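Engineer: As input, take target.cif (mmCIF, N, CA, C and O atoms):
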data_structure
#
loop_
_atom_site.group_PDB
_atom_site.id
_atom_site.type_symbol
_atom_site.label_atom_id
_atom_site.label_comp_id
_atom_site.auth_asym_id
_atom_site.auth_seq_id
_atom_site.Cartn_x
_atom_site.Cartn_y
_atom_site.Cartn_z
ATOM 1 N N MET A 1 214.886 4.980 55.348
ATOM 2 C CA MET A 1 214.532 6.221 54.700
ATOM 3 C C MET A 1 214.462 6.000 53.186
ATOM 4 O O MET A 1 215.351 5.393 52.600
ATOM 5 N N LEU A 2 213.419 6.500 52.570
ATOM 6 C CA LEU A 2 213.266 6.347 51.128
ATOM 7 C C LEU A 2 214.236 7.265 50.392
ATOM 8 O O LEU A 2 214.473 8.392 50.814
ATOM 9 N N PRO A 3 214.779 6.767 49.278
ATOM 10 C CA PRO A 3 215.675 7.616 48.491
ATOM 11 C C PRO A 3 214.914 8.786 47.879
ATOM 12 O O PRO A 3 213.755 8.639 47.473
ATOM 13 N N ARG A 4 215.563 9.943 47.857
ATOM 14 C CA ARG A 4 214.956 11.137 47.253
ATOM 15 C C ARG A 4 215.890 11.677 46.189
ATOM 16 O O ARG A 4 217.089 11.801 46.402
ATOM 17 N N ILE A 5 215.323 12.003 45.046
ATOM 18 C CA ILE A 5 216.105 12.533 43.934
ATOM 19 C C ILE A 5 216.240 14.044 44.122
ATOM 20 O O ILE A 5 215.250 14.751 44.308
ATOM 21 N N ALA A 6 217.482 14.517 44.065
ATOM 22 C CA ALA A 6 217.754 15.946 44.218
ATOM 23 C C ALA A 6 217.783 16.663 42.878
ATOM 24 O O ALA A 6 217.406 17.830 42.787
ATOM 25 N N ASP A 7 218.223 15.970 41.832
ATOM 26 C CA ASP A 7 218.353 16.594 40.521
ATOM 27 C C ASP A 7 218.236 15.513 39.452
ATOM 28 O O ASP A 7 218.609 14.363 39.684
ATOM 29 N N ALA A 8 217.732 15.890 38.301
ATOM 30 C CA ALA A 8 217.576 14.954 37.178
ATOM 31 C C ALA A 8 217.719 15.715 35.877
ATOM 32 O O ALA A 8 217.295 16.870 35.781
ATOM 33 N N ARG A 9 218.328 15.057 34.889
ATOM 34 C CA ARG A 9 218.499 15.647 33.559
ATOM 35 C C ARG A 9 218.354 14.574 32.497
ATOM 36 O O ARG A 9 218.927 13.490 32.616
ATOM 37 N N TYR A 10 217.611 14.904 31.459
ATOM 38 C CA TYR A 10 217.519 14.019 30.303
ATOM 39 C C TYR A 10 218.877 14.024 29.603
ATOM 40 O O TYR A 10 219.465 15.078 29.397
ATOM 41 N N ILE A 11 219.376 12.853 29.230
ATOM 42 C CA ILE A 11 220.668 12.745 28.550
ATOM 43 C C ILE A 11 220.439 12.542 27.049
ATOM 44 O O ILE A 11 220.739 13.411 26.250
ATOM 45 N N SER A 12 219.920 11.389 26.676
ATOM 46 C CA SER A 12 219.608 11.069 25.281
ATOM 47 C C SER A 12 218.894 9.728 25.256
ATOM 48 O O SER A 12 218.917 8.988 26.232
ATOM 49 N N GLY A 13 218.289 9.423 24.110
ATOM 50 C CA GLY A 13 217.588 8.141 23.981
ATOM 51 C C GLY A 13 216.573 7.993 25.099
ATOM 52 O O GLY A 13 215.653 8.790 25.232
ATOM 53 N N TYR A 14 216.787 6.979 25.931
ATOM 54 C CA TYR A 14 215.911 6.720 27.076
ATOM 55 C C TYR A 14 216.701 6.783 28.378
ATOM 56 O O TYR A 14 216.373 6.107 29.350
ATOM 57 N N THR A 15 217.727 7.601 28.383
ATOM 58 C CA THR A 15 218.627 7.695 29.526
ATOM 59 C C THR A 15 218.472 9.029 30.241
ATOM 60 O O THR A 15 218.404 10.084 29.609
ATOM 61 N N VAL A 16 218.436 8.931 31.562
ATOM 62 C CA VAL A 16 218.315 10.099 32.426
ATOM 63 C C VAL A 16 219.433 10.044 33.464
ATOM 64 O O VAL A 16 219.761 8.972 33.983
ATOM 65 N N TRP A 17 220.037 11.200 33.742
ATOM 66 C CA TRP A 17 221.030 11.316 34.817
ATOM 67 C C TRP A 17 220.299 11.736 36.087
ATOM 68 O O TRP A 17 219.423 12.596 36.049
ATOM 69 N N LEU A 18 220.650 11.091 37.205
ATOM 70 C CA LEU A 18 220.019 11.383 38.488
ATOM 71 C C LEU A 18 221.075 11.637 39.556
ATOM 72 O O LEU A 18 222.138 11.015 39.554
ATOM 73 N N ARG A 19 220.754 12.554 40.473
ATOM 74 C CA ARG A 19 221.559 12.732 41.682
ATOM 75 C C ARG A 19 220.595 12.651 42.859
ATOM 76 O O ARG A 19 219.568 13.323 42.882
ATOM 77 N N TYR A 20 220.935 11.799 43.819
ATOM 78 C CA TYR A 20 220.100 11.613 45.000
ATOM 79 C C TYR A 20 220.578 12.518 46.136
ATOM 80 O O TYR A 20 221.711 12.992 46.121
ATOM 81 N N THR A 21 219.708 12.726 47.120
ATOM 82 C CA THR A 21 220.032 13.621 48.219
ATOM 83 C C THR A 21 221.201 13.114 49.060
ATOM 84 O O THR A 21 221.834 13.897 49.755
ATOM 85 N N ASP A 22 221.519 11.819 48.979
ATOM 86 C CA ASP A 22 222.671 11.297 49.717
ATOM 87 C C ASP A 22 223.982 11.484 48.939
ATOM 88 O O ASP A 22 225.037 11.051 49.381
ATOM 89 N N GLY A 23 223.906 12.127 47.763
ATOM 90 C CA GLY A 23 225.092 12.406 46.966
ATOM 91 C C GLY A 23 225.375 11.394 45.872
ATOM 92 O O GLY A 23 226.194 11.654 44.998
ATOM 93 N N SER A 24 224.734 10.238 45.902
ATOM 94 C CA SER A 24 224.967 9.254 44.843
ATOM 95 C C SER A 24 224.371 9.777 43.546
ATOM 96 O O SER A 24 223.363 10.492 43.545
ATOM 97 N N GLU A 25 225.018 9.442 42.441
ATOM 98 C CA GLU A 25 224.541 9.888 41.138
ATOM 99 C C GLU A 25 224.941 8.911 40.067
ATOM 100 O O GLU A 25 225.833 8.088 40.253
ATOM 101 N N GLY A 26 224.267 9.008 38.945
ATOM 102 C CA GLY A 26 224.560 8.147 37.808
ATOM 103 C C GLY A 26 223.436 8.224 36.799
ATOM 104 O O GLY A 26 222.573 9.098 36.868
ATOM 105 N N THR A 27 223.458 7.301 35.855
ATOM 106 C CA THR A 27 222.449 7.287 34.806
ATOM 107 C C THR A 27 221.551 6.071 34.938
ATOM 108 O O THR A 27 221.933 5.046 35.499
ATOM 109 N N VAL A 28 220.363 6.226 34.398
ATOM 110 C CA VAL A 28 219.386 5.143 34.346
ATOM 111 C C VAL A 28 218.886 5.063 32.913
ATOM 112 O O VAL A 28 218.434 6.050 32.349
ATOM 113 N N ASP A 29 219.006 3.874 32.315
ATOM 114 C CA ASP A 29 218.483 3.637 30.975
ATOM 115 C C ASP A 29 217.136 2.934 31.140
ATOM 116 O O ASP A 29 217.074 1.811 31.623
ATOM 117 N N LEU A 30 216.078 3.607 30.742
ATOM 118 C CA LEU A 30 214.723 3.086 30.946
ATOM 119 C C LEU A 30 214.132 2.441 29.699
ATOM 120 O O LEU A 30 212.939 2.125 29.670
ATOM 121 N N ALA A 31 214.932 2.197 28.681
ATOM 122 C CA ALA A 31 214.430 1.630 27.426
ATOM 123 C C ALA A 31 213.666 0.333 27.650
ATOM 124 O O ALA A 31 212.620 0.114 27.032
ATOM 125 N N GLY A 32 214.133 -0.520 28.518
ATOM 126 C CA GLY A 32 213.490 -1.804 28.761
ATOM 127 C C GLY A 32 212.302 -1.744 29.701
ATOM 128 O O GLY A 32 211.649 -2.757 29.949
ATOM 129 N N GLU A 33 212.013 -0.573 30.227
ATOM 130 C CA GLU A 33 210.933 -0.423 31.203
ATOM 131 C C GLU A 33 209.681 0.213 30.629
ATOM 132 O O GLU A 33 208.713 0.415 31.358
ATOM 133 N N LEU A 34 209.685 0.541 29.354
ATOM 134 C CA LEU A 34 208.574 1.292 28.754
ATOM 135 C C LEU A 34 207.516 0.366 28.171
ATOM 136 O O LEU A 34 207.249 0.348 26.973
ATOM 137 N N THR A 35 206.898 -0.408 29.057
ATOM 138 C CA THR A 35 205.824 -1.318 28.652
ATOM 139 C C THR A 35 204.562 -0.976 29.424
ATOM 140 O O THR A 35 204.623 -0.402 30.505
ATOM 141 N N GLY A 36 203.442 -1.326 28.866
ATOM 142 C CA GLY A 36 202.158 -1.044 29.496
ATOM 143 C C GLY A 36 201.581 0.266 28.981
ATOM 144 O O GLY A 36 202.291 1.095 28.425
ATOM 145 N N PRO A 37 200.291 0.430 29.145
ATOM 146 C CA PRO A 37 199.586 1.563 28.550
ATOM 147 C C PRO A 37 200.147 2.946 28.922
ATOM 148 O O PRO A 37 200.179 3.828 28.076
ATOM 149 N N ILE A 38 200.565 3.146 30.145
ATOM 150 C CA ILE A 38 201.036 4.472 30.548
ATOM 151 C C ILE A 38 202.451 4.762 30.038
ATOM 152 O O ILE A 38 202.807 5.917 29.790
ATOM 153 N N PHE A 39 203.275 3.714 29.866
ATOM 154 C CA PHE A 39 204.667 3.917 29.469
ATOM 155 C C PHE A 39 204.912 3.811 27.967
ATOM 156 O O PHE A 39 205.874 4.379 27.463
ATOM 157 N N GLU A 40 204.062 3.087 27.233
ATOM 158 C CA GLU A 40 204.286 2.902 25.796
ATOM 159 C C GLU A 40 204.376 4.211 25.013
ATOM 160 O O GLU A 40 205.207 4.317 24.115
ATOM 161 N N PRO A 41 203.595 5.252 25.344
ATOM 162 C CA PRO A 41 203.758 6.518 24.609
ATOM 163 C C PRO A 41 205.164 7.117 24.760
ATOM 164 O O PRO A 41 205.600 7.892 23.919
ATOM 165 N N LEU A 42 205.863 6.736 25.819
ATOM 166 C CA LEU A 42 207.211 7.266 26.048
ATOM 167 C C LEU A 42 208.261 6.606 25.160
ATOM 168 O O LEU A 42 209.419 7.026 25.162
ATOM 169 N N ARG A 43 207.866 5.615 24.387
ATOM 170 C CA ARG A 43 208.798 5.037 23.409
ATOM 171 C C ARG A 43 209.129 6.060 22.323
ATOM 172 O O ARG A 43 210.153 5.958 21.671
ATOM 173 N N ASP A 44 208.239 7.024 22.136
ATOM 174 C CA ASP A 44 208.530 8.161 21.259
ATOM 175 C C ASP A 44 209.562 9.008 22.007
ATOM 176 O O ASP A 44 209.278 9.542 23.083
ATOM 177 N N ARG A 45 210.750 9.111 21.454
ATOM 178 C CA ARG A 45 211.835 9.808 22.166
ATOM 179 C C ARG A 45 211.510 11.254 22.481
ATOM 180 O O ARG A 45 211.951 11.784 23.497
ATOM 181 N N ALA A 46 210.748 11.905 21.625
ATOM 182 C CA ALA A 46 210.348 13.293 21.908
ATOM 183 C C ALA A 46 209.481 13.340 23.166
ATOM 184 O O ALA A 46 209.606 14.257 23.986
ATOM 185 N N ALA A 47 208.601 12.373 23.318
ATOM 186 C CA ALA A 47 207.761 12.299 24.517
ATOM 187 C C ALA A 47 208.612 11.960 25.734
ATOM 188 O O ALA A 47 208.451 12.558 26.805
ATOM 189 N N PHE A 48 209.539 11.014 25.593
ATOM 190 C CA PHE A 48 210.404 10.633 26.711
ATOM 191 C C PHE A 48 211.242 11.825 27.178
ATOM 192 O O PHE A 48 211.443 12.018 28.377
ATOM 193 N N ALA A 49 211.703 12.624 26.245
ATOM 194 C CA ALA A 49 212.574 13.768 26.573
ATOM 195 C C ALA A 49 211.849 14.839 27.387
ATOM 196 O O ALA A 49 212.497 15.739 27.927
ATOM 197 N N GLN A 50 210.543 14.735 27.535
ATOM 198 C CA GLN A 50 209.786 15.694 28.336
ATOM 199 C C GLN A 50 209.834 15.372 29.832
ATOM 200 O O GLN A 50 209.125 15.975 30.631
ATOM 201 N N VAL A 51 210.687 14.451 30.219
ATOM 202 C CA VAL A 51 210.826 14.039 31.616
ATOM 203 C C VAL A 51 211.151 15.243 32.497
ATOM 204 O O VAL A 51 211.888 16.142 32.095
ATOM 205 N N ARG A 52 210.569 15.248 33.686
ATOM 206 C CA ARG A 52 210.810 16.301 34.670
ATOM 207 C C ARG A 52 210.914 15.688 36.057
ATOM 208 O O ARG A 52 210.392 14.605 36.308
ATOM 209 N N LEU A 53 211.551 16.411 36.945
ATOM 210 C CA LEU A 53 211.602 16.019 38.348
ATOM 211 C C LEU A 53 210.427 16.687 39.059
ATOM 212 O O LEU A 53 210.318 17.913 39.056
ATOM 213 N N HIS A 54 209.554 15.876 39.625
ATOM 214 C CA HIS A 54 208.393 16.422 40.328
ATOM 215 C C HIS A 54 208.892 17.139 41.587
ATOM 216 O O HIS A 54 209.636 16.562 42.386
ATOM 217 N N PRO A 55 208.498 18.402 41.783
ATOM 218 C CA PRO A 55 209.049 19.192 42.893
ATOM 219 C C PRO A 55 208.677 18.693 44.284
ATOM 220 O O PRO A 55 209.430 18.908 45.229
ATOM 221 N N GLU A 56 207.561 18.009 44.426
ATOM 222 C CA GLU A 56 207.158 17.506 45.746
ATOM 223 C C GLU A 56 207.466 16.028 45.919
ATOM 224 O O GLU A 56 207.970 15.615 46.956
ATOM 225 N N LEU A 57 207.156 15.231 44.896
ATOM 226 C CA LEU A 57 207.367 13.783 44.991
ATOM 227 C C LEU A 57 208.826 13.394 44.816
ATOM 228 O O LEU A 57 209.218 12.296 45.183
ATOM 229 N N ARG A 58 209.606 14.286 44.189
ATOM 230 C CA ARG A 58 211.040 14.061 43.958
ATOM 231 C C ARG A 58 211.302 12.778 43.182
ATOM 232 O O ARG A 58 212.161 11.977 43.528
ATOM 233 N N THR A 59 210.532 12.583 42.132
ATOM 234 C CA THR A 59 210.749 11.466 41.226
ATOM 235 C C THR A 59 210.480 11.923 39.798
ATOM 236 O O THR A 59 209.986 13.019 39.568
ATOM 237 N N LEU A 60 210.837 11.077 38.832
ATOM 238 C CA LEU A 60 210.648 11.410 37.425
ATOM 239 C C LEU A 60 209.183 11.299 37.041
ATOM 240 O O LEU A 60 208.516 10.317 37.383
ATOM 241 N N VAL A 61 208.707 12.307 36.303
ATOM 242 C CA VAL A 61 207.326 12.316 35.819
ATOM 243 C C VAL A 61 207.300 12.818 34.381
ATOM 244 O O VAL A 61 208.218 13.506 33.937
ATOM 245 N N TRP A 62 206.231 12.466 33.672
ATOM 246 C CA TRP A 62 206.005 12.911 32.297
ATOM 247 C C TRP A 62 204.619 13.534 32.200
ATOM 248 O O TRP A 62 203.735 13.217 32.999
ATOM 249 N N PRO A 63 204.418 14.376 31.185
ATOM 250 C CA PRO A 63 203.110 15.036 31.023
ATOM 251 C C PRO A 63 201.920 14.076 30.904
ATOM 252 O O PRO A 63 200.804 14.442 31.263
ATOM 253 N N ASN A 64 202.147 12.847 30.429
ATOM 254 C CA ASN A 64 201.026 11.906 30.271
ATOM 255 C C ASN A 64 200.652 11.215 31.585
ATOM 256 O O ASN A 64 199.767 10.373 31.604
ATOM 257 N N GLY A 65 201.326 11.549 32.681
ATOM 258 C CA GLY A 65 201.010 10.948 33.975
ATOM 259 C C GLY A 65 201.929 9.805 34.373
ATOM 260 O O GLY A 65 201.834 9.294 35.483
ATOM 261 N N ALA A 66 202.813 9.387 33.492
ATOM 262 C CA ALA A 66 203.753 8.303 33.819
ATOM 263 C C ALA A 66 204.755 8.789 34.862
ATOM 264 O O ALA A 66 205.113 9.968 34.893
ATOM 265 N N ASP A 67 205.168 7.879 35.719
ATOM 266 C CA ASP A 67 206.217 8.169 36.687
ATOM 267 C C ASP A 67 206.878 6.871 37.122
ATOM 268 O O ASP A 67 206.335 5.789 36.913
ATOM 269 N N PHE A 68 208.058 6.991 37.689
ATOM 270 C CA PHE A 68 208.772 5.851 38.264
ATOM 271 C C PHE A 68 209.101 6.187 39.707
ATOM 272 O O PHE A 68 209.499 7.323 40.009
ATOM 273 N N ALA A 69 208.962 5.229 40.589
ATOM 274 C CA ALA A 69 209.289 5.438 41.997
ATOM 275 C C ALA A 69 210.792 5.654 42.165
ATOM 276 O O ALA A 69 211.589 5.002 41.483
ATOM 277 N N PRO A 70 211.193 6.546 43.075
ATOM 278 C CA PRO A 70 212.618 6.813 43.281
ATOM 279 C C PRO A 70 213.414 5.562 43.658
ATOM 280 O O PRO A 70 214.554 5.392 43.235
ATOM 281 N N GLU A 71 212.806 4.659 44.436
ATOM 282 C CA GLU A 71 213.522 3.447 44.841
ATOM 283 C C GLU A 71 213.732 2.504 43.653
ATOM 284 O O GLU A 71 214.750 1.820 43.559
ATOM 285 N N PHE A 72 212.758 2.454 42.731
ATOM 286 C CA PHE A 72 212.922 1.665 41.510
ATOM 287 C C PHE A 72 214.074 2.230 40.687
ATOM 288 O O PHE A 72 214.947 1.491 40.221
ATOM 289 N N LEU A 73 214.087 3.547 40.502
ATOM 290 C CA LEU A 73 215.157 4.188 39.731
ATOM 291 C C LEU A 73 216.496 3.948 40.394
ATOM 292 O O LEU A 73 217.499 3.674 39.730
ATOM 293 N N ARG A 74 216.547 4.029 41.718
ATOM 294 C CA ARG A 74 217.797 3.816 42.460
ATOM 295 C C ARG A 74 218.330 2.403 42.212
ATOM 296 O O ARG A 74 219.542 2.211 42.075
ATOM 297 N N SER A 75 217.440 1.428 42.109
ATOM 298 C CA SER A 75 217.876 0.043 41.898
ATOM 299 C C SER A 75 218.494 -0.158 40.520
ATOM 300 O O SER A 75 219.191 -1.143 40.303
ATOM 301 N N ARG A 76 218.252 0.742 39.606
ATOM 302 C CA ARG A 76 218.784 0.634 38.248
ATOM 303 C C ARG A 76 219.853 1.685 37.935
ATOM 304 O O ARG A 76 220.309 1.806 36.806
ATOM 305 N N LEU A 77 220.262 2.416 38.951
ATOM 306 C CA LEU A 77 221.241 3.481 38.794
ATOM 307 C C LEU A 77 222.627 2.915 38.463
ATOM 308 O O LEU A 77 223.097 1.999 39.144
ATOM 309 N N ARG A 78 223.221 3.444 37.404
ATOM 310 C CA ARG A 78 224.610 3.096 37.085
ATOM 311 C C ARG A 78 225.467 4.256 37.557
ATOM 312 O O ARG A 78 225.310 5.385 37.094
ATOM 313 N N ALA A 79 226.328 3.990 38.513
ATOM 314 C CA ALA A 79 227.122 5.032 39.146
ATOM 315 C C ALA A 79 227.990 5.767 38.126
ATOM 316 O O ALA A 79 228.489 5.174 37.173
ATOM 317 N N ALA A 80 228.122 7.061 38.337
ATOM 318 C CA ALA A 80 228.977 7.887 37.484
ATOM 319 C C ALA A 80 230.426 7.463 37.676
ATOM 320 O O ALA A 80 230.859 7.190 38.792
ATOM 321 N N ALA A 81 231.168 7.415 36.577
ATOM 322 C CA ALA A 81 232.565 6.984 36.658
ATOM 323 C C ALA A 81 233.449 8.128 37.083
ATOM 324 O O ALA A 81 233.181 9.268 36.936
#
Please express the file's structure as structure tokens.

Structural biologist:
Amino acid sequence: MLPRIADARYISGYTVWLRYTDGSEGTVDLAGELTGPIFEPLRDRAAFAQVRLHPELRTLVWPNGADFAPEFLRSRLRAAA
């Protein structure tokens, strides 16, 4: 079964807090992942802070069309202490 994000919140910088439908939660720092034409505009922190949880796809999306797959985000999740 593919991981599904239940909730997401922008924290600061390039960090987002995520909670998955299985109850796991933590933060993901995406600073090192913002390469390539679709992601480079997100290096502007104001643009990055516009992150939203897509209501149907249940993954992070931005107004410019950038997104990350939930399984990719899950692989980089740092569990909440």

Engineer: State, in Å with one decimal place, the distance from atom O of A:Leu57 to atom N of A:Arg45.

Structural biologist: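 Taking atom O of A:Leu57 as the start and atom N of A:Arg45 as the end point, the length is 24.0 Å.
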
Engineer: Carefully work through the PyMOL selection byres (((chain A and resi 24 and name CA) around 10) and name CA) for this structure and note down the residues it includes, as a ChimeraX atom specification.

Structural biologist: /A:5-6,18-23,25-26,74,77-80

Engineer: Could you please determine the separation between atom CA of A:Trp62 and atom CA of A:Thr35 in Å, to one decimal place?

Structural biologist: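 Result for atom CA of A:Trp62 versus atom CA of A:Thr35: 14.7 Å, one decimal.
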
Engineer: Please work out which residues fall within 12 Å of (213.7, 0.1, 30.6), coordinates as given in the file, with only C-alpha atoms counting, and return them as a VMD selection string.

Structural biologist: chain A and resid 13 to 16 28 to 36 39 to 40 42 to 43 48 68 72 to 73 76 to 77

Engineer: Would you please give, as a short mmCIF file (atom, residue, chain, number, x, y, z; two decimals) with N, CA, C and O atoms, keeping the file's coordinate frame, all residues of chain A that DSSP assigns to alpha helix (DSSP H) based on the backbone?

Structural biologist:
data_model
loop_
_atom_site.label_atom_id
_atom_site.label_comp_id
_atom_site.auth_asym_id
_atom_site.auth_seq_id
_atom_site.Cartn_x
_atom_site.Cartn_y
_atom_site.Cartn_z
N ARG A 45 210.75 9.11 21.45
CA ARG A 45 211.84 9.81 22.17
C ARG A 45 211.51 11.25 22.48
O ARG A 45 211.95 11.78 23.50
N ALA A 46 210.75 11.90 21.62
CA ALA A 46 210.35 13.29 21.91
C ALA A 46 209.48 13.34 23.17
O ALA A 46 209.61 14.26 23.99
N ALA A 47 208.60 12.37 23.32
CA ALA A 47 207.76 12.30 24.52
C ALA A 47 208.61 11.96 25.73
O ALA A 47 208.45 12.56 26.80
N PHE A 48 209.54 11.01 25.59
CA PHE A 48 210.40 10.63 26.71
C PHE A 48 211.24 11.82 27.18
O PHE A 48 211.44 12.02 28.38
N PRO A 70 211.19 6.55 43.08
CA PRO A 70 212.62 6.81 43.28
C PRO A 70 213.41 5.56 43.66
O PRO A 70 214.55 5.39 43.24
N GLU A 71 212.81 4.66 44.44
CA GLU A 71 213.52 3.45 44.84
C GLU A 71 213.73 2.50 43.65
O GLU A 71 214.75 1.82 43.56
N PHE A 72 212.76 2.45 42.73
CA PHE A 72 212.92 1.66 41.51
C PHE A 72 214.07 2.23 40.69
O PHE A 72 214.95 1.49 40.22
N LEU A 73 214.09 3.55 40.50
CA LEU A 73 215.16 4.19 39.73
C LEU A 73 216.50 3.95 40.39
O LEU A 73 217.50 3.67 39.73
N ARG A 74 216.55 4.03 41.72
CA ARG A 74 217.80 3.82 42.46
C ARG A 74 218.33 2.40 42.21
O ARG A 74 219.54 2.21 42.08
N SER A 75 217.44 1.43 42.11
CA SER A 75 217.88 0.04 41.90
C SER A 75 218.49 -0.16 40.52
O SER A 75 219.19 -1.14 40.30
#

Engineer: So how many Å separate atom N of A:Ala47 and atom C of A:Glu71, to one decimal?

Structural biologist: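 Taking atom N of A:Ala47 and atom C of A:Glu71, their separation equals 23.2 Å.
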
Engineer: What's around A:Gln50 at 8 Å? Count all atoms listed in the file, leave out sequence neighbours fewer than 5 positions away in its own chain, and write the answer as a PyMOL selection string.

Structural biologist: chain A and resi 10+44-45+60-64

Engineer: What does the file look like for those residues with N, CA, C and O atoms, as a compact mmCIF listing (two decimals), keeping the file's coordinate frame?

Structural biologist:
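To be explicit, this is the file written out as out27.txt:
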# COMPACT_ATOMS: atom_id res chain seq x y z
N TYR A 10 217.61 14.90 31.46
CA TYR A 10 217.52 14.02 30.30
C TYR A 10 218.88 14.02 29.60
O TYR A 10 219.46 15.08 29.40
N ASP A 44 208.24 7.02 22.14
CA ASP A 44 208.53 8.16 21.26
C ASP A 44 209.56 9.01 22.01
O ASP A 44 209.28 9.54 23.08
N ARG A 45 210.75 9.11 21.45
CA ARG A 45 211.84 9.81 22.17
C ARG A 45 211.51 11.25 22.48
O ARG A 45 211.95 11.78 23.50
N LEU A 60 210.84 11.08 38.83
CA LEU A 60 210.65 11.41 37.42
C LEU A 60 209.18 11.30 37.04
O LEU A 60 208.52 10.32 37.38
N VAL A 61 208.71 12.31 36.30
CA VAL A 61 207.33 12.32 35.82
C VAL A 61 207.30 12.82 34.38
O VAL A 61 208.22 13.51 33.94
N TRP A 62 206.23 12.47 33.67
CA TRP A 62 206.00 12.91 32.30
C TRP A 62 204.62 13.53 32.20
O TRP A 62 203.74 13.22 33.00
N PRO A 63 204.42 14.38 31.18
CA PRO A 63 203.11 15.04 31.02
C PRO A 63 201.92 14.08 30.90
O PRO A 63 200.80 14.44 31.26
N ASN A 64 202.15 12.85 30.43
CA ASN A 64 201.03 11.91 30.27
C ASN A 64 200.65 11.22 31.58
O ASN A 64 199.77 10.37 31.60

Engineer: Closest to A:Gly65 among A:Trp17, A:Ile38, A:Arg9, A:Leu53, using all atoms listed in the file?

Structural biologist: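 Among the listed residues, A:Ile38 lies closest to A:Gly65.
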
Engineer: Rank A:Arg4, A:Pro41, A:Thr27, A:Ser12 by their smallest atom-to-atom distance to A:His54, using only C-alpha atoms, and report the top residue only.

Structural biologist: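 Closest residue, counting only C-alpha atoms: A:Arg4.
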
Engineer: Taking all listed atoms of stretch 59-75 of chain A, build the axis-aligned box, pad each of the six sides by 3 Å, then write its centre and edge lengths in Å to one decimal as JSON.

Structural biologist:
{"center_x": 209.7, "center_y": 6.9, "center_z": 37.6, "size_x": 25.8, "size_y": 22.2, "size_z": 20.6}

Engineer: Report the residues of chain A whose backbone DSSP state falls under strand (DSSP E or B), written as a ChimeraX atom specification.

Structural biologist: /A:5-12,15-20,25-29,52-53,60-61,67,78-79

Engineer: Can you write stretch 45-57 of chain A from the block above with N, CA and C atoms, as a CSV table (one decimal), in the first residue's frame?

Structural biologist:
chain,number,residue,atom,x,y,z
A,45,ARG,N,12.3,31.2,-0.4
A,45,ARG,CA,11.6,30.7,0.8
A,45,ARG,C,10.1,31.1,0.8
A,46,ALA,N,9.8,32.3,0.3
A,46,ALA,CA,8.4,32.7,0.2
A,46,ALA,C,7.7,31.8,-0.7
A,47,ALA,N,8.3,31.4,-1.8
A,47,ALA,CA,7.6,30.5,-2.7
A,47,ALA,C,7.5,29.1,-2.1
A,48,PHE,N,8.6,28.6,-1.4
A,48,PHE,CA,8.5,27.3,-0.8
A,48,PHE,C,7.4,27.3,0.3
A,49,ALA,N,7.2,28.4,1.0
A,49,ALA,CA,6.2,28.4,2.1
A,49,ALA,C,4.8,28.3,1.6
A,50,GLN,N,4.6,28.4,0.3
A,50,GLN,CA,3.3,28.2,-0.3
A,50,GLN,C,2.8,26.8,-0.4
A,51,VAL,N,3.6,25.9,0.1
A,51,VAL,CA,3.3,24.4,0.1
A,51,VAL,C,1.9,24.1,0.6
A,52,ARG,N,1.3,23.2,-0.1
A,52,ARG,CA,0.0,22.7,0.3
A,52,ARG,C,-0.1,21.2,0.2
A,53,LEU,N,-1.1,20.6,0.9
A,53,LEU,CA,-1.4,19.2,0.8
A,53,LEU,C,-2.5,19.1,-0.3
A,54,HIS,N,-2.2,18.4,-1.4
A,54,HIS,CA,-3.2,18.2,-2.4
A,54,HIS,C,-4.3,17.3,-1.9
A,55,PRO,N,-5.6,17.8,-2.0
A,55,PRO,CA,-6.7,17.1,-1.3
A,55,PRO,C,-7.0,15.7,-1.9
A,56,GLU,N,-6.6,15.5,-3.2
A,56,GLU,CA,-6.9,14.1,-3.8
A,56,GLU,C,-5.6,13.3,-3.8
A,57,LEU,N,-4.5,13.9,-4.3
A,57,LEU,CA,-3.3,13.1,-4.4
A,57,LEU,C,-2.6,12.9,-3.1
